[in-house]
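What follows is the content of final_12.txt (compact mmCIF, C-alpha atoms and all ligand atoms).
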# COMPACT_ATOMS: atom_id res chain seq x y z
CA MET A 261 125.50 -150.00 -18.89
CA SER A 262 122.33 -151.91 -18.15
CA GLU A 263 119.35 -150.38 -19.89
CA GLY A 264 116.66 -149.12 -17.56
CA ILE A 265 119.01 -148.74 -14.61
CA PHE A 266 117.55 -145.29 -13.83
CA ASP A 267 113.92 -145.99 -14.81
CA LYS A 268 112.79 -146.26 -11.22
CA LEU A 269 114.00 -142.70 -10.62
CA ALA A 270 111.55 -141.26 -13.20
CA PRO A 271 108.74 -140.49 -10.69
CA LEU A 272 111.30 -138.84 -8.39
CA LYS A 273 112.64 -136.79 -11.31
CA ALA A 274 109.14 -135.59 -12.15
CA SER A 275 108.34 -134.53 -8.58
CA TYR A 276 111.75 -132.91 -8.09
CA GLU A 277 111.40 -130.92 -11.32
CA GLY A 278 107.91 -129.90 -10.20
CA LEU A 279 109.38 -128.55 -6.97
CA ARG A 280 112.16 -126.71 -8.79
CA GLU A 281 109.61 -124.91 -10.98
CA LEU A 282 108.04 -123.51 -7.83
CA SER A 283 111.23 -122.63 -5.98
CA PRO A 284 113.93 -120.19 -7.08
CA ARG A 285 116.48 -122.20 -5.10
CA ASN A 286 116.98 -125.90 -4.51
CA PRO A 287 115.36 -126.61 -1.13
CA PHE A 288 117.64 -129.63 -0.69
CA GLY A 289 120.80 -127.81 -1.70
CA VAL A 290 121.25 -125.01 0.83
CA VAL A 291 124.92 -124.28 1.41
CA ILE A 292 126.07 -122.68 4.63
CA GLU A 293 129.19 -120.99 3.33
CA ARG A 294 130.38 -120.91 6.89
CA PRO A 295 129.00 -120.60 10.39
CA LEU A 296 129.88 -117.23 11.96
CA SER A 297 128.65 -118.29 15.40
CA ALA A 298 126.23 -120.90 16.76
CA THR A 299 123.25 -118.78 15.69
CA VAL A 300 124.43 -117.02 12.52
CA GLY A 301 125.73 -118.48 9.27
CA LEU A 302 126.68 -117.08 5.89
CA ILE A 303 124.17 -118.24 3.25
CA GLU A 304 124.15 -116.77 -0.29
CA GLY A 305 126.68 -114.26 1.01
CA ARG A 306 124.18 -112.96 3.59
CA GLU A 307 124.31 -113.21 7.37
CA THR A 308 121.45 -115.57 8.13
CA LEU A 309 119.85 -116.49 11.45
CA LEU A 310 120.06 -120.25 11.94
CA PHE A 311 116.75 -121.63 13.20
CA GLY A 312 117.06 -125.14 11.84
CA THR A 313 120.28 -126.76 13.02
CA ASN A 314 119.38 -129.12 15.95
CA ASN A 315 122.33 -127.48 17.71
CA TYR A 316 120.14 -127.02 20.78
CA LEU A 317 122.80 -125.94 23.25
CA GLY A 318 125.02 -124.19 20.69
CA LEU A 319 127.85 -126.59 21.56
CA SER A 320 129.00 -127.17 17.97
CA GLN A 321 130.94 -123.95 18.54
CA SER A 322 132.25 -124.81 22.02
CA GLU A 323 135.73 -123.33 22.57
CA ALA A 324 136.70 -126.10 24.96
CA ALA A 325 135.58 -128.85 22.56
CA ARG A 326 137.41 -127.22 19.67
CA ASP A 327 140.61 -127.10 21.73
CA ALA A 328 140.17 -130.76 22.70
CA ALA A 329 139.71 -131.74 19.04
CA ILE A 330 142.77 -129.78 17.86
CA GLU A 331 144.98 -131.19 20.61
CA THR A 332 143.80 -134.74 19.87
CA VAL A 333 144.40 -134.41 16.13
CA ARG A 334 147.94 -133.24 16.90
CA GLU A 335 148.53 -136.18 19.22
CA MET A 336 146.74 -139.00 17.42
CA GLY A 337 146.05 -138.08 13.80
CA ILE A 338 142.74 -137.69 12.05
CA GLY A 339 141.19 -141.14 11.86
CA THR A 340 141.16 -144.71 13.17
CA THR A 341 140.90 -146.39 9.73
CA GLY A 342 139.13 -149.41 11.17
CA SER A 343 136.15 -151.08 12.78
CA ARG A 344 135.55 -151.13 16.53
CA ILE A 345 136.05 -154.89 16.50
CA ALA A 346 139.41 -154.69 14.72
CA ASN A 347 141.86 -151.77 14.90
CA GLY A 348 139.26 -149.01 15.48
CA THR A 349 139.09 -148.95 19.28
CA PHE A 350 141.38 -146.40 20.91
CA SER A 351 141.33 -145.87 24.68
CA LEU A 352 139.30 -142.72 23.94
CA HIS A 353 136.41 -144.83 22.58
CA ASP A 354 136.40 -146.89 25.77
CA ARG A 355 136.54 -143.72 27.84
CA LEU A 356 133.56 -142.18 26.07
CA GLU A 357 131.55 -145.39 26.50
CA ARG A 358 132.31 -145.45 30.22
CA ARG A 359 131.46 -141.77 30.56
CA LEU A 360 128.15 -142.14 28.70
CA ALA A 361 127.18 -145.09 30.89
CA GLU A 362 128.01 -142.99 33.96
CA VAL A 363 126.01 -139.98 32.73
CA PHE A 364 122.94 -142.16 32.10
CA HIS A 365 123.46 -144.17 35.35
CA ARG A 366 123.64 -147.36 33.28
CA ARG A 367 125.99 -150.29 33.28
CA HIS A 368 126.94 -150.16 29.60
CA ALA A 369 127.25 -147.96 26.53
CA MET A 370 128.08 -148.76 22.93
CA ILE A 371 129.00 -146.02 20.46
CA PHE A 372 128.32 -145.95 16.72
CA SER A 373 129.62 -143.75 13.92
CA THR A 374 126.24 -141.95 13.50
CA GLY A 375 122.89 -141.79 15.25
CA TYR A 376 121.37 -143.39 12.17
CA GLN A 377 123.64 -146.38 12.63
CA ALA A 378 122.87 -146.49 16.36
CA ASN A 379 119.22 -147.19 15.53
CA LEU A 380 120.06 -149.64 12.76
CA GLY A 381 122.68 -151.38 14.85
CA THR A 382 120.67 -151.62 18.07
CA ILE A 383 117.38 -152.76 16.54
CA SER A 384 119.00 -155.30 14.22
CA ALA A 385 121.09 -156.76 17.06
CA LEU A 386 118.03 -157.18 19.29
CA VAL A 387 115.38 -158.69 17.01
CA ASN A 388 115.21 -160.95 13.99
CA LYS A 389 112.62 -162.57 11.72
CA ASP A 390 111.09 -164.53 14.60
CA ASP A 391 110.35 -161.39 16.62
CA ILE A 392 107.90 -158.48 16.51
CA LEU A 393 108.71 -154.77 16.54
CA PHE A 394 106.08 -152.27 17.68
CA LEU A 395 106.86 -148.89 16.13
CA ASP A 396 105.20 -145.53 16.65
CA ALA A 397 103.72 -144.54 13.27
CA ASP A 398 105.76 -141.31 13.20
CA SER A 399 109.11 -143.03 13.80
CA HIS A 400 112.28 -141.64 12.25
CA ALA A 401 113.56 -143.23 9.02
CA SER A 402 116.50 -144.78 10.88
CA ILE A 403 114.07 -146.76 13.06
CA TYR A 404 112.17 -148.02 10.02
CA ASP A 405 115.45 -148.89 8.30
CA GLY A 406 116.65 -150.72 11.42
CA ALA A 407 113.40 -152.69 11.36
CA ARG A 408 114.01 -153.68 7.75
CA LEU A 409 117.58 -154.70 8.43
CA SER A 410 116.42 -156.86 11.36
CA GLY A 411 113.82 -158.74 9.28
CA ALA A 412 111.39 -158.65 12.24
CA GLN A 413 107.66 -158.35 11.73
CA VAL A 414 106.64 -154.68 12.11
CA ILE A 415 103.43 -153.58 13.80
CA ARG A 416 102.81 -149.83 13.78
CA PHE A 417 100.70 -148.18 16.43
CA ARG A 418 99.09 -144.73 16.40
CA HIS A 419 101.48 -141.88 17.16
CA ASN A 420 101.87 -141.24 20.91
CA ASP A 421 98.96 -143.60 21.70
CA PRO A 422 99.72 -146.08 24.54
CA ALA A 423 96.15 -147.49 24.43
CA ASP A 424 96.59 -148.43 20.76
CA LEU A 425 99.93 -150.08 21.59
CA ASP A 426 98.26 -151.95 24.46
CA ARG A 427 95.62 -153.39 22.09
CA ARG A 428 98.21 -154.49 19.56
CA LEU A 429 100.38 -156.16 22.19
CA GLU A 430 97.30 -157.95 23.54
CA ARG A 431 96.56 -159.36 20.07
CA THR A 432 100.07 -160.82 19.81
CA LYS A 433 100.28 -162.19 23.35
CA ASN A 434 100.74 -165.78 22.13
CA ALA A 435 103.40 -164.96 19.54
CA PRO A 436 106.48 -167.10 20.18
CA GLY A 437 109.23 -164.51 19.58
CA ALA A 438 110.49 -161.47 21.49
CA ARG A 439 108.58 -158.19 21.37
CA LEU A 440 110.38 -154.83 21.24
CA ILE A 441 108.62 -151.45 21.44
CA VAL A 442 110.43 -148.46 19.92
CA VAL A 443 109.45 -144.84 20.53
CA GLU A 444 111.20 -141.47 20.41
CA GLY A 445 111.55 -138.96 23.25
CA ILE A 446 110.94 -135.82 21.20
CA TYR A 447 109.68 -136.42 17.64
CA SER A 448 112.04 -134.80 15.19
CA MET A 449 109.51 -133.25 12.80
CA THR A 450 106.82 -131.94 15.13
CA GLY A 451 108.51 -131.59 18.53
CA ASN A 452 105.83 -133.82 20.09
CA ILE A 453 106.94 -135.41 23.37
CA ALA A 454 106.17 -139.12 23.99
CA PRO A 455 103.96 -140.12 26.96
CA LEU A 456 106.83 -142.42 27.90
CA LYS A 457 105.66 -143.31 31.40
CA ASP A 458 102.39 -144.64 29.94
CA PHE A 459 104.30 -146.60 27.29
CA ALA A 460 106.50 -148.04 30.06
CA ASP A 461 103.38 -149.19 31.97
CA VAL A 462 102.07 -150.92 28.83
CA LYS A 463 105.46 -152.56 28.27
CA LYS A 464 105.50 -153.93 31.83
CA LYS A 465 101.93 -155.22 31.54
CA HIS A 466 102.87 -157.26 28.45
CA GLY A 467 106.42 -158.29 29.34
CA ALA A 468 107.89 -156.62 26.25
CA ALA A 469 111.17 -154.68 25.94
CA LEU A 470 111.28 -150.90 25.45
CA MET A 471 113.77 -148.83 23.46
CA VAL A 472 113.64 -145.02 23.34
CA ASP A 473 115.44 -142.82 20.83
CA GLU A 474 116.33 -139.69 22.81
CA ALA A 475 118.15 -138.06 19.85
CA HIS A 476 116.38 -134.72 20.28
CA SER A 477 115.79 -134.87 24.04
CA PHE A 478 119.21 -135.71 25.48
CA GLY A 479 120.77 -132.56 26.96
CA VAL A 480 117.43 -130.87 26.55
CA LEU A 481 114.79 -132.44 28.84
CA GLY A 482 114.99 -133.80 32.39
CA GLU A 483 116.60 -132.14 35.39
CA HIS A 484 120.04 -133.42 34.41
CA GLY A 485 119.36 -133.50 30.67
CA ARG A 486 118.93 -137.27 30.45
CA GLY A 487 115.85 -136.85 28.30
CA VAL A 488 112.18 -137.74 28.45
CA ALA A 489 112.77 -140.89 30.52
CA GLU A 490 114.35 -138.77 33.26
CA MET A 491 111.72 -136.04 32.93
CA GLN A 492 108.85 -138.53 33.32
CA GLY A 493 110.58 -140.60 36.04
CA CYS A 494 110.58 -143.92 34.16
CA GLU A 495 114.27 -144.53 33.39
CA LYS A 496 114.32 -147.91 35.16
CA ASP A 497 111.61 -149.22 32.82
CA VAL A 498 113.47 -148.28 29.62
CA ASP A 499 115.70 -151.14 28.50
CA PHE A 500 117.66 -149.35 25.79
CA ILE A 501 118.23 -145.64 25.23
CA VAL A 502 119.57 -144.71 21.82
CA GLY A 503 120.81 -141.25 20.91
CA THR A 504 123.09 -139.15 18.78
CA PHE A 505 126.04 -136.82 19.25
CA SER A 506 124.87 -134.67 16.33
CA LYS A 507 122.35 -132.53 18.15
CA SER A 508 122.83 -131.17 21.70
CA LEU A 509 126.38 -132.59 21.81
CA GLY A 510 127.33 -130.71 18.64
CA THR A 511 129.53 -133.38 16.96
CA VAL A 512 128.66 -136.61 15.13
CA GLY A 513 128.09 -140.20 16.25
CA GLY A 514 125.51 -142.25 18.11
CA TYR A 515 125.11 -144.51 21.11
CA CYS A 516 123.03 -147.10 22.92
CA VAL A 517 123.03 -147.30 26.73
CA THR A 518 121.57 -150.15 28.77
CA ASP A 519 121.86 -152.19 31.96
CA HIS A 520 121.74 -155.46 30.03
CA ASP A 521 125.09 -157.29 30.08
CA GLU A 522 124.35 -158.83 26.67
CA ILE A 523 125.65 -155.61 25.09
CA ASP A 524 129.02 -157.32 24.54
CA LEU A 525 127.27 -159.91 22.39
CA MET A 526 125.47 -157.15 20.50
CA ARG A 527 128.91 -155.83 19.52
CA LEU A 528 129.52 -159.14 17.75
CA CYS A 529 126.35 -159.21 15.66
CA SER A 530 125.44 -155.58 15.00
CA ARG A 531 126.43 -155.06 11.38
CA PRO A 532 126.25 -151.21 11.42
CA TYR A 533 128.67 -151.35 14.39
CA MET A 534 131.04 -153.96 13.00
CA PHE A 535 131.27 -153.23 9.29
CA THR A 536 132.21 -149.57 9.33
CA ALA A 537 135.09 -147.46 10.59
CA SER A 538 134.89 -146.09 14.13
CA LEU A 539 134.67 -142.39 14.94
CA PRO A 540 137.92 -140.41 14.57
CA PRO A 541 139.68 -139.57 17.85
CA GLU A 542 139.10 -135.81 17.64
CA ILE A 543 135.35 -136.39 17.47
CA ILE A 544 135.52 -138.57 20.57
CA ALA A 545 137.60 -135.96 22.40
CA SER A 546 135.25 -133.11 21.50
CA THR A 547 132.19 -135.21 22.41
CA LEU A 548 133.71 -136.00 25.83
CA THR A 549 134.13 -132.26 26.31
CA THR A 550 130.59 -131.25 25.28
CA LEU A 551 129.21 -134.10 27.42
CA ASP A 552 130.96 -132.48 30.40
CA GLU A 553 129.56 -129.10 29.39
CA ILE A 554 126.03 -130.49 29.34
CA GLN A 555 126.61 -131.74 32.89
CA SER A 556 128.22 -128.62 34.25
CA ARG A 557 126.08 -125.94 32.59
CA PRO A 558 122.41 -126.57 33.48
CA GLU A 559 121.73 -122.89 32.76
CA LEU A 560 121.96 -123.74 29.03
CA ARG A 561 118.91 -125.99 29.42
CA ARG A 562 116.98 -123.33 31.31
CA GLN A 563 117.76 -120.75 28.62
CA LEU A 564 116.75 -123.19 25.89
CA HIS A 565 113.32 -123.69 27.48
CA GLU A 566 112.83 -119.96 27.89
CA ASN A 567 113.71 -119.48 24.22
CA ALA A 568 111.44 -122.31 23.06
CA ALA A 569 108.53 -120.84 25.03
CA ARG A 570 109.19 -117.40 23.52
CA LEU A 571 109.19 -118.70 19.93
CA HIS A 572 106.12 -120.90 20.49
CA ALA A 573 104.15 -118.03 22.10
CA GLY A 574 105.21 -115.67 19.30
CA PHE A 575 104.00 -118.06 16.59
CA ARG A 576 100.71 -118.65 18.39
CA LYS A 577 100.16 -114.91 18.81
CA ALA A 578 100.79 -114.43 15.09
CA GLY A 579 98.02 -116.96 14.36
CA LEU A 580 100.35 -119.64 12.98
CA LYS A 581 99.55 -123.34 13.35
CA THR A 582 102.04 -125.09 15.66
CA GLY A 583 101.95 -128.22 17.83
CA ASP A 584 100.81 -128.03 21.46
CA PHE A 585 104.14 -129.10 22.96
CA ILE A 586 106.66 -126.50 24.00
CA SER A 587 109.89 -128.20 23.01
CA PRO A 588 112.97 -126.96 21.15
CA VAL A 589 111.52 -128.34 17.93
CA ILE A 590 108.65 -126.10 16.85
CA ALA A 591 107.02 -126.73 13.49
CA VAL A 592 104.62 -124.43 11.67
CA THR A 593 102.16 -126.51 9.65
CA LEU A 594 101.17 -125.25 6.20
CA GLU A 595 98.45 -126.36 3.82
CA ASP A 596 100.24 -127.26 0.61
CA VAL A 597 103.66 -127.60 -0.97
CA PRO A 598 103.55 -124.47 -3.21
CA GLN A 599 102.66 -122.33 -0.18
CA ALA A 600 105.43 -123.95 1.88
CA LEU A 601 108.01 -123.33 -0.87
CA LYS A 602 107.04 -119.66 -1.15
CA PHE A 603 107.15 -119.24 2.62
CA TRP A 604 110.51 -120.96 3.02
CA ASN A 605 112.12 -118.96 0.17
CA ALA A 606 110.76 -115.70 1.60
CA LEU A 607 112.23 -116.57 5.01
CA LEU A 608 115.67 -117.18 3.49
CA GLU A 609 115.44 -113.89 1.61
CA ALA A 610 114.65 -112.25 4.97
CA GLY A 611 117.82 -113.82 6.40
CA ILE A 612 116.23 -116.71 8.32
CA TYR A 613 117.02 -120.37 7.76
CA VAL A 614 114.56 -123.05 8.91
CA ASN A 615 114.12 -126.66 7.76
CA LEU A 616 111.60 -127.23 5.00
CA SER A 617 109.98 -130.63 5.59
CA LEU A 618 107.86 -131.96 2.77
CA PRO A 619 105.45 -134.89 2.40
CA PRO A 620 105.74 -137.87 2.38
CA ALA A 621 108.38 -137.39 5.12
CA THR A 622 105.94 -135.47 7.34
CA PRO A 623 103.08 -136.64 9.58
CA ASP A 624 99.61 -136.18 7.99
CA ASN A 625 101.31 -135.40 4.66
CA ARG A 626 101.34 -131.67 5.45
CA PRO A 627 104.42 -129.54 4.72
CA LEU A 628 106.19 -128.11 7.76
CA LEU A 629 108.50 -125.21 8.41
CA ARG A 630 110.50 -126.89 11.14
CA CYS A 631 112.36 -124.62 13.53
CA SER A 632 114.85 -125.71 16.13
CA VAL A 633 115.59 -123.32 18.96
CA MET A 634 118.98 -122.86 20.63
CA ALA A 635 120.04 -121.77 24.09
CA ALA A 636 122.36 -119.37 22.27
CA HIS A 637 119.56 -117.49 20.48
CA THR A 638 118.95 -114.01 21.87
CA ALA A 639 115.46 -112.67 22.57
CA GLU A 640 116.00 -110.21 19.68
CA GLN A 641 116.84 -113.02 17.24
CA ILE A 642 113.70 -114.90 18.27
CA ASP A 643 111.50 -111.81 17.97
CA GLN A 644 112.98 -111.00 14.56
CA THR A 645 112.14 -114.53 13.41
CA VAL A 646 108.58 -114.32 14.73
CA ASP A 647 108.12 -110.92 13.01
CA SER A 648 109.34 -112.31 9.67
CA PHE A 649 107.07 -115.37 9.94
CA ALA A 650 104.10 -113.12 10.82
CA ARG A 651 104.78 -110.73 7.92
CA ILE A 652 105.21 -113.50 5.33
CA ALA A 653 102.10 -115.34 6.59
CA ARG A 654 100.09 -112.13 6.09
CA GLU A 655 101.59 -111.53 2.64
CA LEU A 656 100.73 -115.07 1.55
CA GLY A 657 97.18 -114.72 2.90
CA ILE A 658 97.72 -117.47 5.49
CA THR A 659 96.77 -115.18 8.36
CA ALA A 660 94.51 -112.11 8.29
CA ALA A 661 96.23 -108.88 7.23
N1 LIG B 701 116.96 -140.46 15.44
C1 LIG B 701 116.22 -139.35 15.28
C2 LIG B 701 114.92 -139.22 15.99
C3 LIG B 701 116.68 -138.32 14.45
O1 LIG B 701 115.95 -137.23 14.27
C4 LIG B 701 117.93 -138.47 13.80
C5 LIG B 701 118.53 -137.39 12.91
N2 LIG B 701 117.72 -136.46 12.41
C6 LIG B 701 118.64 -139.64 14.00
C7 LIG B 701 118.13 -140.62 14.83
C8 LIG B 701 119.95 -139.88 13.28
O2 LIG B 701 120.98 -139.18 13.88
P1 LIG B 701 122.32 -138.80 13.10
O3 LIG B 701 122.05 -137.54 12.35
O4 LIG B 701 123.30 -138.64 14.20
O5 LIG B 701 122.67 -139.92 12.19

What does the file become when written as structure tokens?
Amino acid sequence: MSEGIFDKLAPLKASYEGLRELSPRNPFGVVIERPLSATVGLIEGRETLLFGTNNYLGLSQSEAARDAAIETVREMGIGTTGSRIANGTFSLHDRLERRLAEVFHRRHAMIFSTGYQANLGTISALVNKDDILFLDADSHASIYDGARLSGAQVIRFRHNDPADLDRRLERTKNAPGARLIVVEGIYSMTGNIAPLKDFADVKKKHGAALMVDEAHSFGVLGEHGRGVAEMQGCEKDVDFIVGTFSKSLGTVGGYCVTDHDEIDLMRLCSRPYMFTASLPPEIIASTLTTLDEIQSRPELRRQLHENAARLHAGFRKAGLKTGDFISPVIAVTLEDVPQALKFWNALLEAGIYVNLSLPPATPDNRPLLRCSVMAAHTAEQIDQTVDSFARIARELGITAA
């Protein structure tokens, strides 16, 4: 074996071991022994409230989607064993693409094996080394990785700041290549919502293209659940919407929808689309079913917003630091990593699972206890979670006793 092959991992080893000294359990190694329902899972043998699953509408446990998956496995087997451009397109894949296009009122849809690949595959098919990407500073890792794969020049603008984007576009107005702006609908760490209509105005002013990752907002925001673009009335100005099946839709996979007919050419140059196996048929069948449920059960969205408002108000009342947006992602900001580790462990011991998000993956390099709310949470489950947060914050001296 080549000497030094693992040398570059030494700094990671040191910081990981530092974390482990402060935490009785591995914060990156939580095992859900099994989900008991959408909102409760068995962790360390204990029934634990799930407040960090992105399963906003609880549809990962949909009866109808489970039945569709089982029936499809029986009929078609468990996998496609091939790429979409070879043997990996079944009529189900075509059907889901047509259905997604219909749901978004777009001409075309393209599905990927994960949401991560949807960002990589869309960005890298649209821009190359001669072009410029304008990325919100708080963009998800999959957007940054897509930028790298594309080879385009990257210009970051201040988070949620259309005026800053405007200035940066102005400075590059004579650049010869294409210019693509990428933002998210709801930001995954903080729950911040993009001022998308303002971004769309800036895009029009400069003749750029606009792509929005609605991973956390599809099924969640907008009268019909089409996300922030629908909510803010600017869908026609968004060129590409990217999203995932792994959150409100409860399965796995990703997509890009657009009115641009060039999508069929994108299928022939998008490496994360071409050089990987397509989604198995049972995943497509269950996603078709949860997509229908999102359409036919608007009450889920209403309940989700009620629940998000309840959790947000509870945290605020307890004196905890949260963002200003009421969205299904609600993060409590803490001061330092040792405090965050103590807090997160104490929550698990109290039977509550939330996501622990640590720097450098967080905005402002502050640790976050990231909660995601579900339509399926009961008022009692939310109140129990708020009470546990409030008690632990007092015990750790974060809020006044
Ligand atoms: N975009 C955003 C904003 C995300 O938060 C995530 C997942 N956390 C993804 C894309 C990737 O989605 P997936 O998990 O389906 O790969």

Contacts of range 310-325 of chain A at 6 Å (only C-alpha atoms; same-chain gap of 2+ positions) as a list in words: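 Here the answer would be Ala298, Thr299, Val300, Asp327, Ala328, Lys507, Ser508, Gly510, Ser546, Thr549, Tyr613, Val614, Asn615, Cys631, Ser632, Met634, Ala635 and Ala636 of chain A.
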
Restricting it to C-alpha atoms, dump the selection as a short mmCIF file (atom, residue, chain, number, x, y, z; two decimals), in the frame of the given file.
data_model
loop_
_atom_site.label_atom_id
_atom_site.label_comp_id
_atom_site.auth_asym_id
_atom_site.auth_seq_id
_atom_site.Cartn_x
_atom_site.Cartn_y
_atom_site.Cartn_z
CA ALA A 298 126.23 -120.90 16.76
CA THR A 299 123.25 -118.78 15.69
CA VAL A 300 124.43 -117.02 12.52
CA ASP A 327 140.61 -127.10 21.73
CA ALA A 328 140.17 -130.76 22.70
CA LYS A 507 122.35 -132.53 18.15
CA SER A 508 122.83 -131.17 21.70
CA GLY A 510 127.33 -130.71 18.64
CA SER A 546 135.25 -133.11 21.50
CA THR A 549 134.13 -132.26 26.31
CA TYR A 613 117.02 -120.37 7.76
CA VAL A 614 114.56 -123.05 8.91
CA ASN A 615 114.12 -126.66 7.76
CA CYS A 631 112.36 -124.62 13.53
CA SER A 632 114.85 -125.71 16.13
CA MET A 634 118.98 -122.86 20.63
CA ALA A 635 120.04 -121.77 24.09
CA ALA A 636 122.36 -119.37 22.27
#

message: Report, in Å to a single decimal, how far apart CA of Leu618 in chain A and CA of Ile441 in chain A are.
response: 27.0 Å

- prompt: Please, what distance in Å, to one decimal, runs between CA of Lys457 in chain A and CA of Ala469 in chain A?
  reply: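 Interatomic distance, CA of Lys457 in chain A to CA of Ala469 in chain A: 13.8 Å.
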
Considering only C-alpha atoms, give me a table of residues in range 525-544 of chain A that are at most 8 Å from range 331-354 of chain A, with the closest atom pair and distance in Å for each, as CSV.
residue,atom,partner,partner_atom,distance
A:Arg527,CA,A:Ile345,CA,7.8
A:Leu528,CA,A:Ile345,CA,7.9
A:Tyr533,CA,A:Arg344,CA,7.2
A:Met534,CA,A:Ser343,CA,5.9
A:Phe535,CA,A:Ser343,CA,6.4
A:Thr536,CA,A:Ser343,CA,5.5
A:Ala537,CA,A:Ser343,CA,4.4
A:Ser538,CA,A:Ser343,CA,5.3
A:Leu539,CA,A:Thr340,CA,7.1
A:Pro540,CA,A:Gly339,CA,4.3
A:Pro541,CA,A:Gly339,CA,6.4
A:Glu542,CA,A:Thr332,CA,5.3
A:Ile544,CA,A:Leu352,CA,6.5

- prompt: So, counting all atoms listed in the file, which residue among A:Ala468, A:Val480, A:Val589, A:Leu594 is closest to ligand LIG 701 (chain B)?
  reply: A:Val589

Near-ligand residues for ligand LIG 701 (chain B), threshold 10 Å, all atoms listed in the file, as a PyMOL selection string: chain A and resi 314+372-380+398-403+443-449+472-477+502-507+510-515

Separation of CA of His365 in chain A from CA of Ser384 in chain A, in Å and rounded to one decimal: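 Going from CA of His365 in chain A over to CA of Ser384 in chain A covers 24.3 Å.
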
Show me the residues close to (99.9, -124.9, 14.9) - anything with an atom within 10 Å, counting only C-alpha atoms - and format the list as a compact mmCIF listing (two decimals) with C-alpha atoms, keeping the file's coordinate frame.
# COMPACT_ATOMS: atom_id res chain seq x y z
CA THR A 450 106.82 -131.94 15.13
CA HIS A 572 106.12 -120.90 20.49
CA PHE A 575 104.00 -118.06 16.59
CA ARG A 576 100.71 -118.65 18.39
CA GLY A 579 98.02 -116.96 14.36
CA LEU A 580 100.35 -119.64 12.98
CA LYS A 581 99.55 -123.34 13.35
CA THR A 582 102.04 -125.09 15.66
CA GLY A 583 101.95 -128.22 17.83
CA ASP A 584 100.81 -128.03 21.46
CA ILE A 590 108.65 -126.10 16.85
CA ALA A 591 107.02 -126.73 13.49
CA VAL A 592 104.62 -124.43 11.67
CA THR A 593 102.16 -126.51 9.65
CA LEU A 594 101.17 -125.25 6.20
